[in-house]
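To be precise, the following lines are my_file.tsv, and they hold TSV, C-alpha atoms.
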chain	number	residue	atom	x	y	z
A	19	MET	CA	124.37	-72.90	-112.08
A	20	ILE	CA	121.91	-75.82	-112.12
A	21	THR	CA	123.46	-79.27	-112.00
A	22	ARG	CA	122.47	-82.01	-114.40
A	23	ARG	CA	120.93	-84.01	-111.54
A	24	ASP	CA	118.77	-81.03	-110.52
A	25	PHE	CA	117.81	-80.58	-114.17
A	26	LEU	CA	116.64	-84.21	-114.38
A	27	THR	CA	114.64	-83.78	-111.19
A	28	VAL	CA	112.84	-80.74	-112.61
A	29	LEU	CA	112.02	-82.58	-115.83
A	30	ALA	CA	110.66	-85.59	-113.94
A	31	ARG	CA	108.36	-83.38	-111.91
A	32	LEU	CA	107.16	-81.61	-115.05
A	33	ALA	CA	106.33	-84.88	-116.84
A	34	PRO	CA	102.75	-85.32	-115.54
A	35	ILE	CA	102.04	-81.68	-116.41
A	36	VAL	CA	103.21	-81.77	-120.02
A	37	GLY	CA	101.14	-84.79	-120.93
A	38	GLY	CA	100.22	-88.38	-120.20
A	39	SER	CA	102.94	-89.70	-122.45
A	40	GLY	CA	105.60	-88.40	-120.05
A	41	ILE	CA	109.21	-87.52	-120.85
A	42	PHE	CA	111.98	-89.99	-121.57
A	43	LEU	CA	115.09	-88.21	-120.34
A	44	SER	CA	117.32	-90.25	-122.62
A	45	ASP	CA	115.47	-89.17	-125.74
A	46	PRO	CA	117.65	-87.20	-128.19
A	47	PHE	CA	115.52	-84.05	-127.75
A	48	TRP	CA	116.44	-83.67	-124.10
A	49	GLN	CA	120.07	-84.55	-124.69
A	50	ARG	CA	120.44	-81.29	-126.64
A	51	PHE	CA	120.42	-79.48	-123.32
A	52	LEU	CA	123.20	-81.61	-121.84
A	53	SER	CA	126.73	-80.69	-122.82
A	54	ARG	CA	128.83	-83.77	-123.63
A	55	ASP	CA	132.25	-84.50	-125.01
A	56	ASP	CA	133.24	-86.76	-127.91
A	57	TYR	CA	132.62	-89.85	-125.77
A	58	GLY	CA	129.10	-88.83	-124.80
A	59	LEU	CA	130.27	-87.93	-121.29
A	60	ALA	CA	128.96	-84.86	-119.53
A	61	HIS	CA	131.73	-82.41	-118.75
A	62	ALA	CA	132.94	-83.56	-115.35
A	63	GLY	CA	136.63	-82.85	-115.72
A	64	ASN	CA	139.01	-85.51	-114.58
A	65	TYR	CA	136.27	-87.91	-113.49
A	66	ALA	CA	134.93	-88.26	-117.03
A	67	ASP	CA	138.44	-88.95	-118.25
A	68	GLU	CA	138.95	-91.48	-115.48
A	69	LEU	CA	135.78	-93.39	-116.42
A	70	ILE	CA	136.97	-93.80	-119.99
A	71	ARG	CA	140.55	-94.58	-119.06
A	72	THR	CA	139.72	-97.23	-116.46
A	73	ALA	CA	136.59	-98.74	-118.05
A	74	PRO	CA	137.30	-102.45	-118.59
A	75	ARG	CA	136.41	-104.40	-121.70
A	76	ALA	CA	132.80	-105.54	-121.54
A	77	ARG	CA	131.55	-109.05	-122.22
A	78	TYR	CA	128.75	-110.12	-124.57
A	79	TRP	CA	129.38	-108.10	-127.72
A	80	ARG	CA	130.83	-108.50	-131.19
A	81	SER	CA	132.53	-106.29	-133.72
A	82	LEU	CA	130.56	-105.59	-136.90
A	83	HIS	CA	133.77	-104.57	-138.73
A	84	LYS	CA	132.10	-101.47	-140.10
A	85	ASP	CA	133.42	-98.09	-139.00
A	86	SER	CA	134.35	-99.66	-135.62
A	87	THR	CA	130.68	-100.38	-134.94
A	88	VAL	CA	129.87	-103.08	-132.36
A	89	GLN	CA	126.74	-104.92	-131.27
A	90	CYS	CA	125.99	-105.55	-127.61
A	91	PHE	CA	124.27	-108.82	-126.65
A	92	LEU	CA	123.89	-108.21	-122.91
A	93	CYS	CA	120.18	-107.39	-122.99
A	94	ALA	CA	117.36	-107.96	-125.44
A	95	HIS	CA	117.76	-104.52	-127.03
A	96	SER	CA	120.93	-105.88	-128.71
A	97	CYS	CA	122.10	-102.32	-129.39
A	98	VAL	CA	124.22	-101.56	-132.44
A	99	ILE	CA	126.69	-98.95	-131.15
A	100	LYS	CA	128.85	-96.72	-133.30
A	101	GLY	CA	132.21	-95.34	-132.25
A	102	ASN	CA	132.12	-93.08	-129.15
A	103	GLU	CA	128.43	-93.86	-128.63
A	104	ARG	CA	126.55	-95.83	-125.97
A	105	GLY	CA	123.79	-98.38	-125.78
A	106	ARG	CA	120.33	-97.57	-124.50
A	107	CYS	CA	121.36	-98.37	-120.92
A	108	ARG	CA	123.94	-95.52	-121.11
A	109	THR	CA	126.54	-97.63	-119.29
A	110	ARG	CA	128.34	-99.36	-122.17
A	111	ILE	CA	130.42	-97.31	-124.60
A	112	ASN	CA	132.21	-98.08	-127.86
A	113	VAL	CA	135.80	-96.87	-127.58
A	114	ASN	CA	137.77	-97.41	-130.81
A	115	GLY	CA	135.76	-100.51	-131.71
A	116	GLU	CA	135.87	-102.02	-128.21
A	117	LEU	CA	132.82	-102.12	-125.95
A	118	ARG	CA	133.60	-101.04	-122.41
A	119	SER	CA	131.65	-100.94	-119.15
A	120	LEU	CA	131.49	-97.54	-117.47
A	121	VAL	CA	129.92	-98.99	-114.30
A	122	TYR	CA	132.31	-101.84	-113.48
A	123	GLY	CA	133.57	-101.18	-109.96
A	124	ARG	CA	131.47	-98.03	-109.61
A	125	PRO	CA	128.66	-98.74	-107.12
A	126	VAL	CA	126.65	-95.59	-106.47
A	127	SER	CA	124.45	-96.79	-103.61
A	128	ILE	CA	125.31	-99.26	-100.84
A	129	HIS	CA	123.06	-100.11	-97.88
A	130	VAL	CA	122.31	-103.02	-95.57
A	131	ASP	CA	118.59	-103.91	-95.79
A	132	PRO	CA	116.33	-106.72	-94.59
A	133	ILE	CA	116.04	-109.28	-97.35
A	134	GLU	CA	112.26	-109.01	-97.07
A	135	LYS	CA	112.57	-105.49	-98.51
A	136	LYS	CA	113.67	-106.82	-101.93
A	137	PRO	CA	111.22	-108.60	-101.50
A	138	PHE	CA	112.39	-112.18	-100.93
A	139	TYR	CA	109.99	-114.07	-98.67
A	140	HIS	CA	111.21	-117.62	-99.33
A	141	PHE	CA	114.96	-117.05	-99.31
A	142	LEU	CA	116.64	-116.93	-95.90
A	143	PRO	CA	113.85	-114.98	-94.13
A	144	GLY	CA	115.13	-112.57	-91.53
A	145	ALA	CA	118.59	-112.27	-93.10
A	146	GLU	CA	120.24	-108.94	-93.75
A	147	ALA	CA	121.35	-108.16	-97.29
A	148	TYR	CA	124.31	-106.01	-98.28
A	149	SER	CA	122.69	-104.14	-101.17
A	150	LEU	CA	124.38	-102.23	-103.97
A	151	GLY	CA	123.53	-100.64	-107.29
A	152	SER	CA	125.00	-98.41	-109.98
A	153	SER	CA	123.66	-96.05	-112.64
A	154	GLY	CA	121.70	-97.03	-115.73
A	155	CYS	CA	118.93	-99.33	-116.93
A	156	PRO	CA	117.72	-100.74	-120.28
A	157	PHE	CA	114.15	-99.77	-119.32
A	158	GLN	CA	112.57	-96.32	-119.04
A	159	CYS	CA	109.70	-97.08	-116.67
A	160	LYS	CA	107.56	-94.02	-116.11
A	161	PHE	CA	106.76	-95.19	-112.58
A	162	CYS	CA	110.31	-96.05	-111.50
A	163	GLN	CA	110.84	-95.72	-107.75
A	164	ASN	CA	114.64	-95.46	-108.14
A	165	TRP	CA	114.73	-93.26	-111.23
A	166	GLU	CA	117.55	-91.07	-109.91
A	167	LEU	CA	119.82	-94.09	-110.30
A	168	SER	CA	118.20	-96.06	-113.11
A	169	GLN	CA	117.81	-93.07	-115.44
A	170	SER	CA	121.15	-91.47	-114.59
A	171	TRP	CA	124.43	-91.63	-116.48
A	172	PRO	CA	127.58	-93.10	-114.91
A	173	GLU	CA	129.24	-89.69	-114.75
A	174	ASP	CA	126.35	-88.19	-112.77
A	175	TYR	CA	127.76	-89.65	-109.55
A	176	GLN	CA	131.46	-89.39	-108.84
A	177	VAL	CA	132.45	-92.51	-106.93
A	178	SER	CA	135.76	-94.23	-106.32
A	179	TYR	CA	136.65	-97.47	-108.08
A	180	THR	CA	135.89	-100.44	-105.82
A	181	PRO	CA	137.19	-103.86	-106.93
A	182	PRO	CA	135.04	-106.96	-106.29
A	183	ALA	CA	137.34	-108.21	-103.52
A	184	ASN	CA	136.79	-104.99	-101.56
A	185	ILE	CA	133.02	-105.47	-101.70
A	186	VAL	CA	133.35	-109.00	-100.39
A	187	ARG	CA	135.66	-107.87	-97.58
A	188	SER	CA	133.16	-105.18	-96.62
A	189	VAL	CA	130.32	-107.72	-96.51
A	190	LEU	CA	132.37	-110.07	-94.35
A	191	SER	CA	133.29	-107.25	-91.97
A	192	LYS	CA	129.62	-106.45	-91.45
A	193	LYS	CA	128.83	-110.15	-90.87
A	194	VAL	CA	125.98	-110.03	-93.39
A	195	PRO	CA	125.19	-113.39	-95.09
A	196	VAL	CA	123.68	-112.11	-98.35
A	197	ILE	CA	124.66	-109.70	-101.12
A	198	SER	CA	121.85	-108.16	-103.19
A	199	PHE	CA	122.42	-106.43	-106.52
A	200	THR	CA	119.56	-103.96	-106.74
A	201	TYR	CA	118.33	-100.32	-106.91
A	202	ASN	CA	118.98	-99.84	-110.64
A	203	GLU	CA	118.95	-102.73	-113.14
A	204	PRO	CA	121.95	-104.91	-112.20
A	205	THR	CA	122.16	-106.39	-115.71
A	206	VAL	CA	124.05	-103.25	-116.75
A	207	PHE	CA	126.89	-104.21	-114.39
A	208	THR	CA	126.75	-107.93	-115.10
A	209	GLU	CA	130.53	-108.33	-115.28
A	210	TYR	CA	130.95	-106.70	-111.87
A	211	LEU	CA	128.18	-108.59	-110.09
A	212	ILE	CA	129.34	-111.96	-111.42
A	213	ASP	CA	132.91	-111.30	-110.28
A	214	ILE	CA	131.63	-110.28	-106.84
A	215	ALA	CA	129.27	-113.27	-106.57
A	216	ARG	CA	131.97	-115.76	-107.53
A	217	ASP	CA	134.37	-114.36	-104.94
A	218	ALA	CA	131.60	-114.18	-102.33
A	219	LYS	CA	130.73	-117.84	-102.83
A	220	LYS	CA	134.28	-118.82	-101.85
A	221	HIS	CA	133.61	-117.19	-98.47
A	222	GLY	CA	130.24	-118.84	-97.89
A	223	LEU	CA	128.18	-115.79	-98.85
A	224	ARG	CA	124.97	-115.93	-100.90
A	225	SER	CA	124.22	-113.54	-103.78
A	226	THR	CA	120.89	-112.33	-105.12
A	227	ILE	CA	119.66	-110.00	-107.84
A	228	ILE	CA	116.56	-107.84	-108.23
A	229	SER	CA	115.99	-107.50	-111.97
A	230	CYS	CA	113.62	-106.54	-114.77
A	231	GLY	CA	114.56	-109.80	-116.51
A	232	PHE	CA	115.53	-108.26	-119.87
A	233	MET	CA	118.93	-109.94	-120.21
A	234	ASN	CA	119.78	-112.33	-123.04
A	235	GLU	CA	120.18	-116.07	-122.50
A	236	ALA	CA	123.98	-116.34	-122.36
A	237	PRO	CA	124.56	-113.69	-119.67
A	238	LEU	CA	121.58	-114.99	-117.71
A	239	ALA	CA	123.01	-118.52	-117.76
A	240	GLU	CA	126.24	-117.14	-116.30
A	241	MET	CA	124.26	-115.23	-113.66
A	242	CYS	CA	122.29	-118.33	-112.66
A	243	LYS	CA	125.54	-120.20	-112.01
A	244	ALA	CA	126.92	-117.40	-109.84
A	245	LEU	CA	123.74	-116.30	-108.02
A	246	ASP	CA	121.61	-118.04	-105.40
A	247	ALA	CA	118.32	-116.18	-105.88
A	248	ILE	CA	116.70	-113.96	-108.51
A	249	LYS	CA	113.65	-111.74	-108.15
A	250	ILE	CA	112.05	-110.62	-111.40
A	251	ASP	CA	109.70	-107.66	-111.80
A	252	LEU	CA	107.02	-108.90	-114.17
A	253	LYS	CA	105.37	-105.56	-114.80
A	254	GLY	CA	102.25	-106.83	-116.53
A	255	TYR	CA	101.12	-109.47	-119.01
A	256	SER	CA	100.85	-107.10	-121.97
A	257	GLU	CA	103.23	-106.16	-124.77
A	258	ARG	CA	101.44	-102.83	-125.10
A	259	PHE	CA	101.98	-102.05	-121.42
A	260	TYR	CA	105.70	-102.83	-121.68
A	261	ARG	CA	106.13	-100.70	-124.80
A	262	THR	CA	104.18	-97.65	-123.65
A	263	VAL	CA	105.17	-97.58	-119.98
A	264	SER	CA	108.67	-99.12	-119.92
A	265	ASN	CA	109.83	-98.62	-123.53
A	266	ALA	CA	110.66	-102.33	-123.67
A	267	GLU	CA	109.12	-105.70	-124.57
A	268	LEU	CA	107.44	-108.46	-122.59
A	269	ARG	CA	108.58	-111.54	-124.53
A	270	PRO	CA	112.27	-111.46	-123.45
A	271	VAL	CA	111.18	-111.13	-119.81
A	272	LEU	CA	108.97	-114.22	-120.04
A	273	ARG	CA	111.85	-116.11	-121.67
A	274	SER	CA	114.19	-115.11	-118.83
A	275	ILE	CA	111.73	-116.18	-116.16
A	276	LYS	CA	111.36	-119.62	-117.73
A	277	GLN	CA	115.13	-119.95	-118.02
A	278	ILE	CA	115.60	-119.12	-114.33
A	279	SER	CA	112.83	-121.55	-113.38
A	280	ARG	CA	114.67	-124.35	-115.20
A	281	SER	CA	117.88	-123.58	-113.34
A	282	ARG	CA	118.53	-124.31	-109.67
A	283	THR	CA	118.45	-120.64	-108.77
A	284	HIS	CA	115.67	-119.60	-106.38
A	285	LEU	CA	113.03	-117.46	-108.14
A	286	GLU	CA	110.42	-115.01	-106.90
A	287	ILE	CA	108.23	-112.68	-108.96
A	288	VAL	CA	106.85	-109.21	-108.24
A	289	ASN	CA	103.99	-107.60	-110.13
A	290	LEU	CA	103.67	-103.89	-109.35
A	291	ILE	CA	100.00	-103.11	-109.90
A	292	VAL	CA	99.48	-99.61	-111.33
A	293	PRO	CA	95.91	-98.24	-111.25
A	294	THR	CA	94.21	-98.07	-114.69
A	295	LEU	CA	97.29	-99.48	-116.47
A	296	ASN	CA	97.75	-103.14	-115.49
A	297	ASP	CA	95.08	-103.76	-112.85
A	298	SER	CA	92.31	-105.24	-114.98
A	299	ASP	CA	90.96	-108.69	-114.15
A	300	ARG	CA	91.86	-109.82	-117.65
A	301	MET	CA	95.51	-108.84	-117.40
A	302	LEU	CA	95.86	-110.21	-113.87
A	303	LYS	CA	94.23	-113.49	-114.85
A	304	GLU	CA	96.50	-113.89	-117.89
A	305	LEU	CA	99.58	-113.20	-115.76
A	306	ILE	CA	98.47	-115.69	-113.09
A	307	ASN	CA	97.62	-118.36	-115.65
A	308	TRP	CA	101.02	-117.95	-117.31
A	309	ILE	CA	102.89	-118.28	-114.02
A	310	SER	CA	100.86	-121.27	-112.90
A	311	GLY	CA	101.08	-123.01	-116.28
A	312	GLU	CA	104.73	-122.29	-117.12
A	313	LEU	CA	106.38	-122.23	-113.69
A	314	GLY	CA	104.15	-124.29	-111.44
A	315	PRO	CA	102.37	-123.48	-108.16
A	316	ASP	CA	105.35	-122.94	-105.86
A	317	VAL	CA	106.97	-119.76	-107.23
A	318	PRO	CA	106.22	-116.92	-104.76
A	319	VAL	CA	104.33	-114.04	-106.39
A	320	HIS	CA	104.13	-110.58	-104.82
A	321	PHE	CA	101.38	-108.17	-105.91
A	322	SER	CA	102.84	-104.84	-104.86
A	323	ARG	CA	101.32	-101.45	-104.27
A	324	PHE	CA	102.19	-98.60	-106.60
A	325	HIS	CA	103.01	-95.19	-105.13
A	326	PRO	CA	103.15	-92.06	-107.34
A	327	SER	CA	106.71	-91.45	-108.51
A	328	TYR	CA	108.87	-90.09	-111.32
A	329	GLN	CA	106.65	-89.39	-114.35
A	330	MET	CA	103.45	-90.83	-112.87
A	331	LEU	CA	102.66	-88.42	-110.09
A	332	ASN	CA	99.14	-88.06	-111.48
A	333	LEU	CA	98.02	-91.57	-110.54
A	334	PRO	CA	96.81	-92.55	-107.04
A	335	PRO	CA	98.33	-95.32	-104.93
A	336	THR	CA	96.95	-98.77	-105.70
A	337	PRO	CA	93.84	-99.50	-103.60
A	338	VAL	CA	94.56	-102.27	-101.11
A	339	SER	CA	91.39	-103.97	-102.32
A	340	THR	CA	92.95	-104.34	-105.78
A	341	LEU	CA	95.99	-106.12	-104.30
A	342	GLU	CA	93.71	-108.37	-102.24
A	343	ARG	CA	91.71	-109.20	-105.36
A	344	ALA	CA	94.88	-110.11	-107.25
A	345	ARG	CA	96.09	-112.31	-104.39
A	346	ASP	CA	92.73	-114.08	-104.17
A	347	MET	CA	92.77	-114.66	-107.93
A	348	ALA	CA	96.27	-116.12	-107.70
A	349	ILE	CA	95.36	-118.52	-104.91
A	350	SER	CA	92.22	-119.57	-106.78
A	351	GLY	CA	94.40	-120.03	-109.86
A	352	GLY	CA	96.58	-122.58	-108.09
A	353	ILE	CA	99.49	-120.45	-106.85
A	354	ASN	CA	100.51	-121.58	-103.37
A	355	TYR	CA	102.38	-118.50	-102.23
A	356	ALA	CA	100.76	-115.19	-103.20
A	357	TYR	CA	101.43	-111.97	-101.32
A	358	VAL	CA	100.21	-108.40	-100.86
A	359	GLY	CA	103.27	-106.15	-101.16
A	360	ASN	CA	104.08	-102.61	-100.00
A	361	VAL	CA	101.28	-102.70	-97.41
A	362	PRO	CA	102.99	-103.16	-94.01
A	363	SER	CA	101.35	-105.50	-91.51
A	364	HIS	CA	98.73	-106.73	-93.99
A	365	PRO	CA	97.80	-110.42	-93.44
A	366	GLY	CA	98.82	-110.94	-97.07
A	367	ASN	CA	102.45	-110.45	-95.99
A	368	HIS	CA	102.46	-113.75	-94.10
A	369	THR	CA	103.36	-117.16	-95.50
A	370	TYR	CA	100.70	-119.84	-95.10
A	371	CYS	CA	101.17	-123.58	-95.43
A	372	PRO	CA	99.40	-124.81	-98.60
A	373	GLY	CA	98.49	-127.97	-96.68
A	374	CYS	CA	97.13	-127.07	-93.23
A	375	LYS	CA	96.69	-123.34	-94.04
A	376	LYS	CA	98.38	-122.27	-90.81
A	377	THR	CA	100.79	-119.33	-90.67
A	378	VAL	CA	104.33	-120.60	-91.06
A	379	VAL	CA	106.02	-117.18	-91.36
A	380	ARG	CA	104.49	-114.11	-89.72
A	381	ARG	CA	105.87	-110.70	-90.71
A	382	HIS	CA	105.49	-107.15	-89.45
A	383	GLY	CA	106.74	-104.79	-92.13
A	384	TYR	CA	110.15	-106.09	-93.19
A	385	PHE	CA	110.75	-108.04	-90.00
A	386	LEU	CA	109.89	-111.53	-88.81
A	387	GLN	CA	107.60	-112.05	-85.85
A	388	GLU	CA	107.20	-115.80	-86.01
A	389	MET	CA	108.87	-118.67	-87.86
A	390	ASN	CA	107.23	-122.09	-88.06
A	391	VAL	CA	109.39	-123.63	-90.78
A	392	LYS	CA	111.90	-126.27	-89.67
A	393	GLY	CA	114.10	-128.11	-92.12
A	394	GLY	CA	112.11	-126.54	-94.96
A	395	ARG	CA	108.86	-128.04	-93.68
A	396	CYS	CA	105.73	-126.79	-91.95
A	397	SER	CA	106.09	-127.23	-88.19
A	398	PHE	CA	102.41	-128.11	-87.92
A	399	CYS	CA	101.78	-130.68	-90.68
A	400	ASN	CA	105.31	-131.40	-91.99
A	401	ARG	CA	104.46	-130.35	-95.53
A	402	LYS	CA	107.42	-129.08	-97.55
A	403	ILE	CA	107.45	-125.27	-97.91
A	404	ALA	CA	109.13	-124.14	-101.14
A	405	GLY	CA	112.19	-121.97	-100.67
A	406	VAL	CA	115.68	-121.71	-99.21
A	407	TRP	CA	115.43	-121.70	-95.43
A	408	ALA	CA	118.96	-122.39	-94.17
Would you mind giving the structure from this file in structure tokens?
Amino acid sequence: MITRRDFLTVLARLAPIVGGSGIFLSDPFWQRFLSRDDYGLAHAGNYADELIRTAPRARYWRSLHKDSTVQCFLCAHSCVIKGNERGRCRTRINVNGELRSLVYGRPVSIHVDPIEKKPFYHFLPGAEAYSLGSSGCPFQCKFCQNWELSQSWPEDYQVSYTPPANIVRSVLSKKVPVISFTYNEPTVFTEYLIDIARDAKKHGLRSTIISCGFMNEAPLAEMCKALDAIKIDLKGYSERFYRTVSNAELRPVLRSIKQISRSRTHLEIVNLIVPTLNDSDRMLKELINWISGELGPDVPVHFSRFHPSYQMLNLPPTPVSTLERARDMAISGGINYAYVGNVPSHPGNHTYCPGCKKTVVRRHGYFLQEMNVKGGRCSFCNRKIAGVWA
């Protein structure tokens, strides 16, 4: 008997064959093939029951006092959710008029990675990051690199409940200074990550998030208070691109980025450049001009290489020359720290002083080779280098 996970894998591989529009696995058509109970949970026996029974009350929602319907305000979709149904992220369920989180305390993937892999280049370079993620995402990006997590349902992976304190104890035991919430979209487990980050801070640990930036203002404000660094994937400067490729909208992402920039939380931005979709000079120039004009010259911007994945196996990897062109445009547009991403050992991985132009951080892949930043300043000319260095 084929498992649901294997079924999703087959559909993802078929997507480029059946047409350029791809397949959204959470569309109602495909859900006809997936047997679910009254709560929308796939039949997984006791585990499905456990998820419902132990799911804590979510934050950021209100009752509409109509047939037990509620409205979620966690992300910009602001889903209206009827009884026993879920929001578009698949992780928040209406149980008898109460919105609950099915992913609180249920991390699916945990690894220790170099922080440069996130990528963070201006936040504690060389540090290791205890990285964790769950199931679910408010986006449906056709090029998602982690689609097996982001497009899954909480019941697809049977994992034990892990309270925030246990995560913090695990991080401390590994003597890792940073926690990163990543892999899927961490916004879907906002309650969990904030509880972990607050506890971690008491022990001198730093917390970071890798996000699509689609959260609403109130939860983001709470995140900014708890977190030390945020990396946002700005997928392109086009509403059409967001709607057709990610089934989402650009405007809320831009709002989130500006809100983070106004806070004291460290911010970096990644733009994954996908051939033929968001690699035009016009779109790149508009994105660069927005960052420079709204955020200033010191926010690090990573132009990252696309590799065929999920529903976009038909497109080639991004030419390195395209990434180099984007980086050159950014530097010419006034951005001080622009990078070529997903191309190991490229000179565009290094950090250069905006003043004397010398290399202040030299990288090989995800690892440091040379560090010439002392006290947050260039060791050669003493110019301040934006970031968190100690």
Contact residues around A:Val206 with all atoms listed in the file at 8 Å, ignoring same-chain residues under 4 positions, as a PyMOL selection string: chain A and resi 92+107+109-110+121+154-156
Two-atom distance - atom CA of A:Arg108, atom CA of A:Ser322 (Å): 28.2 Å
Counting all atoms listed in the file, which residue out of A:Phe232, A:Tyr210, A:Tyr328, A:Phe321 sits closest to A:Val361?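 Using all atoms listed in the file, the shortest distance to A:Val361 belongs to A:Phe321.
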Do you have the atom CA of A:Ser152-atom CA of A:Tyr65 distance handy?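 We find that atom CA of A:Ser152 and atom CA of A:Tyr65 lie 15.8 Å from each other.
Atom pair atom CA of A:Leu302 / atom CA of A:Lys253: separated by 10.6 Å.
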Just the residues within 8 Å of A:Glu257, please, counting all atoms listed in the file, with nothing from its chain fewer than 5 positions along; format it as a list of chain:residue names.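 Neighbouring residues, sequence-local ones excluded: A:Glu267, A:Leu268, A:Arg269.
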Counting only C-alpha atoms, the residue of A:Glu286, A:Glu240, A:Asp297, A:Asp85 that sits nearest A:His320: A:Glu286
Tell me which of A:Gly222, A:Pro326, A:Gly383, A:Pro372 sits closest to A:Lys402, counting all atoms listed in the file.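 Of A:Gly222, A:Pro326, A:Gly383, A:Pro372, the one nearest A:Lys402 is A:Pro372, counting all atoms listed in the file.
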Within 10 Å of A:Arg273, counting all atoms listed in the file, which residues show up once you throw out same-chain ones fewer than 5 positions away? Write them as an MDAnalysis selection string, please. chainID A and resid 231:235 268 278:279
A:Arg71, A:Ile306, A:Pro318, A:Asn289 ranked by distance to A:Asn360, top pick (using all atoms listed in the file): A:Asn289
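Restricting the calculation to all atoms listed in the file, the smallest distance between A:Arg381 and any of A:Ala344, A:Lys135, A:Gly123, A:Thr262 is found for A:Lys135.
Proximity to A:Cys374 was assessed for A:Phe161, A:Phe398, A:Phe259, A:Tyr355 counting only C-alpha atoms; the smallest distance is recorded for A:Phe398.
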In file coordinates, which residues lie within 6 Å of (128.1, -109.7, -103.4) using only C-alpha atoms, given as a list of chain:residue names?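 Those residues, ordered by chain and then number, are A:Ile197, A:Ile214, A:Ala215, A:Ala218, A:Ser225.
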Near A:Ser229, within 12 Å and counting all atoms listed in the file, which residues show up once chain neighbours fewer than 3 positions away are dropped, as a PDB file with C-alpha atoms, in the frame of the given file?
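The file below, out_30.pdb, is the result:
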ATOM      1  CA  CYS A  93     120.180-107.390-122.990  1.00  0.00           C
ATOM      2  CA  LYS A 136     113.670-106.820-101.930  1.00  0.00           C
ATOM      3  CA  PRO A 137     111.220-108.600-101.500  1.00  0.00           C
ATOM      4  CA  GLY A 151     123.530-100.640-107.290  1.00  0.00           C
ATOM      5  CA  CYS A 155     118.930 -99.330-116.930  1.00  0.00           C
ATOM      6  CA  PRO A 156     117.720-100.740-120.280  1.00  0.00           C
ATOM      7  CA  PHE A 157     114.150 -99.770-119.320  1.00  0.00           C
ATOM      8  CA  SER A 168     118.200 -96.060-113.110  1.00  0.00           C
ATOM      9  CA  SER A 198     121.850-108.160-103.190  1.00  0.00           C
ATOM     10  CA  PHE A 199     122.420-106.430-106.520  1.00  0.00           C
ATOM     11  CA  THR A 200     119.560-103.960-106.740  1.00  0.00           C
ATOM     12  CA  TYR A 201     118.330-100.320-106.910  1.00  0.00           C
ATOM     13  CA  ASN A 202     118.980 -99.840-110.640  1.00  0.00           C
ATOM     14  CA  GLU A 203     118.950-102.730-113.140  1.00  0.00           C
ATOM     15  CA  PRO A 204     121.950-104.910-112.200  1.00  0.00           C
ATOM     16  CA  THR A 205     122.160-106.390-115.710  1.00  0.00           C
ATOM     17  CA  VAL A 206     124.050-103.250-116.750  1.00  0.00           C
ATOM     18  CA  PHE A 207     126.890-104.210-114.390  1.00  0.00           C
ATOM     19  CA  THR A 208     126.750-107.930-115.100  1.00  0.00           C
ATOM     20  CA  THR A 226     120.890-112.330-105.120  1.00  0.00           C
ATOM     21  CA  PHE A 232     115.530-108.260-119.870  1.00  0.00           C
ATOM     22  CA  MET A 233     118.930-109.940-120.210  1.00  0.00           C
ATOM     23  CA  LEU A 238     121.580-114.990-117.710  1.00  0.00           C
ATOM     24  CA  MET A 241     124.260-115.230-113.660  1.00  0.00           C
ATOM     25  CA  ALA A 247     118.320-116.180-105.880  1.00  0.00           C
ATOM     26  CA  ILE A 248     116.700-113.960-108.510  1.00  0.00           C
ATOM     27  CA  LYS A 249     113.650-111.740-108.150  1.00  0.00           C
ATOM     28  CA  ILE A 250     112.050-110.620-111.400  1.00  0.00           C
ATOM     29  CA  ASP A 251     109.700-107.660-111.800  1.00  0.00           C
ATOM     30  CA  LEU A 252     107.020-108.900-114.170  1.00  0.00           C
ATOM     31  CA  LYS A 253     105.370-105.560-114.800  1.00  0.00           C
ATOM     32  CA  VAL A 271     111.180-111.130-119.810  1.00  0.00           C
ATOM     33  CA  SER A 274     114.190-115.110-118.830  1.00  0.00           C
ATOM     34  CA  ILE A 275     111.730-116.180-116.160  1.00  0.00           C
ATOM     35  CA  ILE A 278     115.600-119.120-114.330  1.00  0.00           C
ATOM     36  CA  LEU A 285     113.030-117.460-108.140  1.00  0.00           C
ATOM     37  CA  GLU A 286     110.420-115.010-106.900  1.00  0.00           C
ATOM     38  CA  ILE A 287     108.230-112.680-108.960  1.00  0.00           C
ATOM     39  CA  VAL A 288     106.850-109.210-108.240  1.00  0.00           C
TER      40      VAL A 288
END
Close residues, A:Val358 itself excluded, 12 Å, only C-alpha atoms, min 4 positions apart in chain, as a VMD selection string: chain A and resid 137 139 288 to 291 318 to 324 336 to 346 348 to 349 362 to 369 381 383
